[in-house]
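These notes are about the structure you will find just below.
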Amino acid sequence: MMVPSTPRIPDASMAGTRMARIRMDEIRAGGIRMGGMRTGAIRICVNGHRPGSARLLALPLLVLLACALLVLLACAMTASAQPARLPISAPYPVPALGDAALDLGDLEGDGDLDLVVAGTSERGRVIRGYRLVQVDGVNMYEQIPLSARPIIHGAVRWGDYDADGDGDLVVTGMGEAASGGVQSDVPVLEVYENTGAIGTTALFELRQALPGLHRSSGAWGDVDGDGDLDLVAAGLPSVDAVRPVTRLYRNDEGTFRPVESGLPGVHSGDLAWADVDGDGDLDLALMGDGGEGAFVTGVYRNDGGAFVDAGYNLPRLAFGSVDWADYDRDGDPDLLLTGGRLDPRFLLGIARVYRNDDGVLVETAYDLEGWTLGRARWGDADRDGDLDIFVVGTNAVLETPFLKLLVNDDGAFVPEWEFTGMRFASMAVADYNQDGDADVALIGQLTGGVQFRFLINWDYPECVSAEWVPRGASTGVDCPSPDSPN
């Protein structure tokens, strides 16, 4: 297998310059912020007088030179403290698909993350799987046969539901079925078992076809605490439906059985499990369109299998995401919420971080611009042990989409880099190669087309193809030569 020679590297059109800024108000406040890092204060003061006073003109030349050297040294220390590299856009051979969904997960149980992507191409709807392999020491994605049903307007999710150590798959969205020789749309919710037969069309076998959904989302989680993964999915139950549903299924020794949950129905949104109240069972955050433009956002506590609205006054959003993680490292999950709110501009982006204080979500005062028509995910970009925010989307429907990293800098989220982004994007953030930092896979709509992009986090360099490295940059690592054994 040859390493592709055509790079897809962030360029000037992607606004790929590091968002390091020095502002006079920050200097006056006692520090300089560059690339999300604050240096000590830089103050020049000789004999009790500030530069600019009349007496400064009488100072000996050597004293002035010494002060200038101190300033240059401080600037050099600041520059050396910054992360040195933007992420590399790896030209993996994954198609750009419309109305698409993707996910990263461990197909083989080997610890690194493989890829599944579904959507529509010029030839129709497709679903494809990619296995992470090494070619001459470089991580590459190799396509594998995948016989699951292709979908659009939905989700694909890895999860080991049968607890055998490899990644199984749930597929939900608008599929197709043949009737009388004619292909017609049909909502899909299907569970596929990983048989371990890598390289064959028998790798995934359909184990259960559940009542279908489209404009849908899904999430695995052990809801009943019995050690296996259960499933929740939300979306529209028929082609012409306007009222969405949310359905919960209990994993009963590999068979998924419906459970009455009382959860509100949503479509065009997101679902995420976490133990919010620390009682040992999973609670659910959901957001989306509850039908005919009645947006819904809520956190629902799992009280012995019955789900009860926790009563938080969250903004009602759709076309966004919910994501749990312990960003403040106090041992409980916090909530990152993004999406669109109805507005004269159709949709106005909203973003909120909610801190979990002993089971109660408290809105933080972080000044985040709003995001919609995309996703926001937690991930440790700089390997410092706290969680940063990756976001793709747009501030409002007609505005230019972006892809950003906001670094967690002592509790403030500071812009680190920004590229041109996508609308209606699906994004997965995870450490795909176990090197300790978060990488990003995403797919979505650009103006006039669609795009797949895989950004390798290169603040901590790894072996990549020389063709992928921006001109003038060094890989920073020794890669095996093509003639050496892998």
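Following the order of the structure tokens, first chain is A, next is B, and so on, with residues numbered from 1 inside each chain and ligands from 1 in the order they appear.
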Tell me, as a list in words, which residues lie within 7 Å of Val397 in chain A, counting only C-alpha atoms; anything in the same chain fewer than 2 positions away does not count.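 These residues fall inside the cut-off: Phe346, Leu347, Thr394 and Glu399 of chain A.
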Could you save those same residues with N, CA, C and O atoms as a CSV table (one decimal), in the first residue's frame?
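The result, stored in result-v2.csv:
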chain,number,residue,atom,x,y,z
A,346,PHE,N,-32.9,33.3,11.4
A,346,PHE,CA,-33.3,31.9,11.3
A,346,PHE,C,-32.7,31.1,12.5
A,346,PHE,O,-33.4,30.6,13.3
A,347,LEU,N,-31.4,31.0,12.6
A,347,LEU,CA,-30.7,30.3,13.7
A,347,LEU,C,-29.6,31.2,14.2
A,347,LEU,O,-28.7,31.6,13.4
A,394,THR,N,-20.9,27.4,12.7
A,394,THR,CA,-21.0,28.7,12.3
A,394,THR,C,-21.8,29.5,13.4
A,394,THR,O,-22.5,28.9,14.1
A,399,GLU,N,-23.5,32.9,8.0
A,399,GLU,CA,-22.1,33.4,8.3
A,399,GLU,C,-21.1,32.2,7.9
A,399,GLU,O,-21.5,31.1,7.7
Check the DSSP output for the backbone and give back, as a PyMOL selection string, the residues of range 228-355 of chain A in strand (DSSP E or B). chain A and resi 230-236+245-252+255-259+267-274+283-289+295-303+306-309+318-325+334-343+346-355
Show me a table, sorted first by chain and then by increasing residue number, of the residues of range 206-285 of chain A having an atom at most 9 Å from range 316-334 of chain A, each with its shortest atom pair and the distance in Å to one decimal, counting only C-alpha atoms and written as JSON lines.
{"residue": "A:Val266", "atom": "CA", "partner": "A:Ala318", "partner_atom": "CA", "distance": 8.7}
{"residue": "A:His267", "atom": "CA", "partner": "A:Ala318", "partner_atom": "CA", "distance": 8.1}
{"residue": "A:Ser268", "atom": "CA", "partner": "A:Phe319", "partner_atom": "CA", "distance": 5.4}
{"residue": "A:Gly269", "atom": "CA", "partner": "A:Phe319", "partner_atom": "CA", "distance": 5.3}
{"residue": "A:Asp270", "atom": "CA", "partner": "A:Ser321", "partner_atom": "CA", "distance": 5.1}
{"residue": "A:Leu271", "atom": "CA", "partner": "A:Val322", "partner_atom": "CA", "distance": 6.4}
{"residue": "A:Ala272", "atom": "CA", "partner": "A:Asp323", "partner_atom": "CA", "distance": 6.1}
{"residue": "A:Trp273", "atom": "CA", "partner": "A:Trp324", "partner_atom": "CA", "distance": 7.6}
{"residue": "A:Ala274", "atom": "CA", "partner": "A:Trp324", "partner_atom": "CA", "distance": 6.6}
{"residue": "A:Asp275", "atom": "CA", "partner": "A:Pro333", "partner_atom": "CA", "distance": 7.2}
{"residue": "A:Val276", "atom": "CA", "partner": "A:Pro333", "partner_atom": "CA", "distance": 6.1}
{"residue": "A:Asp277", "atom": "CA", "partner": "A:Asp332", "partner_atom": "CA", "distance": 8.2}
{"residue": "A:Gly278", "atom": "CA", "partner": "A:Asp332", "partner_atom": "CA", "distance": 7.4}
{"residue": "A:Ala285", "atom": "CA", "partner": "A:Val322", "partner_atom": "CA", "distance": 6.7}
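You can rank A:Gly167, A:Gly212, A:Gly175, A:Gly119 by their closest distance to Tyr192 in chain A using only C-alpha atoms, and at the top of that list sits A:Gly167.
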List as a PDB file with N, CA and C atoms, in the first residue's frame the protein and nucleic acid residues near Leu231 in chain A, meaning an atom at most 6 Å away when only C-alpha atoms are counted, but skip any in the same chain fewer than 4 places from it.
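Here's the written file selection_10.pdb:
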ATOM      1  N   ALA A 219     -26.743   6.846  20.987  1.00  0.00           N
ATOM      2  CA  ALA A 219     -25.657   6.780  21.975  1.00  0.00           C
ATOM      3  C   ALA A 219     -25.724   5.457  22.730  1.00  0.00           C
ATOM      4  N   TRP A 220     -24.548   4.818  22.877  1.00  0.00           N
ATOM      5  CA  TRP A 220     -24.415   3.620  23.696  1.00  0.00           C
ATOM      6  C   TRP A 220     -24.177   4.019  25.152  1.00  0.00           C
ATOM      7  N   LEU A 248     -35.500   4.022  23.998  1.00  0.00           N
ATOM      8  CA  LEU A 248     -34.478   3.386  24.818  1.00  0.00           C
ATOM      9  C   LEU A 248     -34.605   1.877  24.686  1.00  0.00           C
ATOM     10  N   TYR A 249     -33.456   1.209  24.488  1.00  0.00           N
ATOM     11  CA  TYR A 249     -33.437  -0.249  24.346  1.00  0.00           C
ATOM     12  C   TYR A 249     -32.459  -0.849  25.352  1.00  0.00           C
TER      13      TYR A 249
END
Residues within 8 Å of Arg377 in chain A, only C-alpha atoms, excluding chain neighbours under 4 positions, as a PyMOL selection string: chain A and resi 323+336+389-391+428-429
Quick one: of A:Val126, A:Ala425, A:Val138, A:Val117, who's nearest to Glu462 in chain A, counting only C-alpha atoms? A:Val138
Would you mind telling me which residue in A:Leu132, A:Leu403, A:Ala466, A:Ile350 lies nearest to Asp112 in chain A when using only C-alpha atoms? A:Leu132
Name the residues in contact with Arg125 in chain A at a cut-off of 8 Å, using only C-alpha atoms, excluding same-chain residues fewer than 5 positions from it; report them as a VMD selection string. chain A and resid 118 to 120 150 to 152
Could you state the separation of CA of Gly349 in chain A and CA of Thr372 in chain A in Å, given to one decimal place? 4.7 Å
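CA of Leu282 in chain A lies 17.0 Å from CA of Tyr312 in chain A.
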Within 12 Å of Ala197 in chain A, counting only C-alpha atoms, which residues show up once you throw out same-chain ones fewer than 5 positions away? Write them as JSON, numbers by chain, please. {"A": [107, 108, 144, 145, 146, 166, 202, 203, 204, 205]}
Just-selected residues, all heavy atoms written as a compact mmCIF listing (two decimals), in the first residue's frame:
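Just written: out.txt:
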# COMPACT_ATOMS: atom_id res chain seq x y z
N LEU A 107 -12.07 -0.99 16.21
CA LEU A 107 -12.62 -2.12 15.46
C LEU A 107 -12.07 -3.45 15.96
O LEU A 107 -12.80 -4.43 16.10
CB LEU A 107 -12.29 -1.94 13.98
CG LEU A 107 -12.52 -3.13 13.05
CD1 LEU A 107 -14.01 -3.37 12.86
CD2 LEU A 107 -11.83 -2.92 11.71
N GLU A 108 -10.75 -3.50 16.23
CA GLU A 108 -10.07 -4.78 16.47
C GLU A 108 -9.72 -5.05 17.92
O GLU A 108 -9.19 -6.11 18.23
CB GLU A 108 -8.76 -4.82 15.67
CG GLU A 108 -8.93 -4.52 14.19
CD GLU A 108 -7.60 -4.20 13.56
OE1 GLU A 108 -6.91 -5.17 13.14
OE2 GLU A 108 -7.23 -3.03 13.48
N ILE A 144 -11.76 -1.27 4.48
CA ILE A 144 -12.13 -2.65 4.71
C ILE A 144 -13.56 -2.86 4.23
O ILE A 144 -14.37 -1.92 4.21
CB ILE A 144 -12.02 -3.02 6.20
CG1 ILE A 144 -12.86 -2.06 7.06
CG2 ILE A 144 -10.57 -3.03 6.65
CD1 ILE A 144 -12.90 -2.43 8.52
N PRO A 145 -13.91 -4.07 3.79
CA PRO A 145 -15.29 -4.33 3.37
C PRO A 145 -16.26 -4.10 4.53
O PRO A 145 -15.99 -4.47 5.67
CB PRO A 145 -15.26 -5.80 2.95
CG PRO A 145 -13.83 -6.09 2.65
CD PRO A 145 -13.04 -5.24 3.58
N LEU A 146 -17.39 -3.47 4.22
CA LEU A 146 -18.38 -3.17 5.24
C LEU A 146 -19.76 -3.32 4.61
O LEU A 146 -20.12 -2.60 3.68
CB LEU A 146 -18.18 -1.74 5.75
CG LEU A 146 -18.98 -1.32 6.98
CD1 LEU A 146 -18.60 -2.16 8.19
CD2 LEU A 146 -18.74 0.15 7.30
N ASP A 166 -14.19 -6.23 20.72
CA ASP A 166 -14.05 -5.50 19.46
C ASP A 166 -15.27 -4.60 19.24
O ASP A 166 -16.29 -4.72 19.91
CB ASP A 166 -13.84 -6.44 18.27
CG ASP A 166 -14.89 -7.53 18.17
OD1 ASP A 166 -16.03 -7.31 18.63
OD2 ASP A 166 -14.58 -8.61 17.64
N ALA A 202 -18.15 -10.44 5.56
CA ALA A 202 -18.83 -10.98 6.74
C ALA A 202 -18.35 -10.33 8.03
O ALA A 202 -18.69 -10.79 9.12
CB ALA A 202 -18.63 -12.50 6.82
N LEU A 203 -17.57 -9.25 7.92
CA LEU A 203 -17.03 -8.61 9.12
C LEU A 203 -18.15 -8.13 10.03
O LEU A 203 -18.09 -8.31 11.25
CB LEU A 203 -16.14 -7.43 8.72
CG LEU A 203 -15.63 -6.56 9.86
CD1 LEU A 203 -14.84 -7.38 10.88
CD2 LEU A 203 -14.77 -5.42 9.31
N PHE A 204 -19.18 -7.53 9.48
CA PHE A 204 -20.34 -7.09 10.26
C PHE A 204 -21.59 -7.81 9.79
O PHE A 204 -21.90 -7.81 8.60
CB PHE A 204 -20.53 -5.57 10.13
CG PHE A 204 -19.53 -4.78 10.91
CD1 PHE A 204 -18.42 -4.25 10.28
CD2 PHE A 204 -19.68 -4.58 12.27
CE1 PHE A 204 -17.49 -3.52 10.99
CE2 PHE A 204 -18.75 -3.86 13.00
CZ PHE A 204 -17.66 -3.33 12.36
N GLU A 205 -22.28 -8.42 10.74
CA GLU A 205 -23.53 -9.10 10.45
C GLU A 205 -24.68 -8.38 11.16
O GLU A 205 -24.56 -8.02 12.33
CB GLU A 205 -23.48 -10.56 10.91
CG GLU A 205 -22.49 -11.41 10.11
CD GLU A 205 -22.56 -12.87 10.51
OE1 GLU A 205 -23.37 -13.21 11.42
OE2 GLU A 205 -21.81 -13.68 9.93
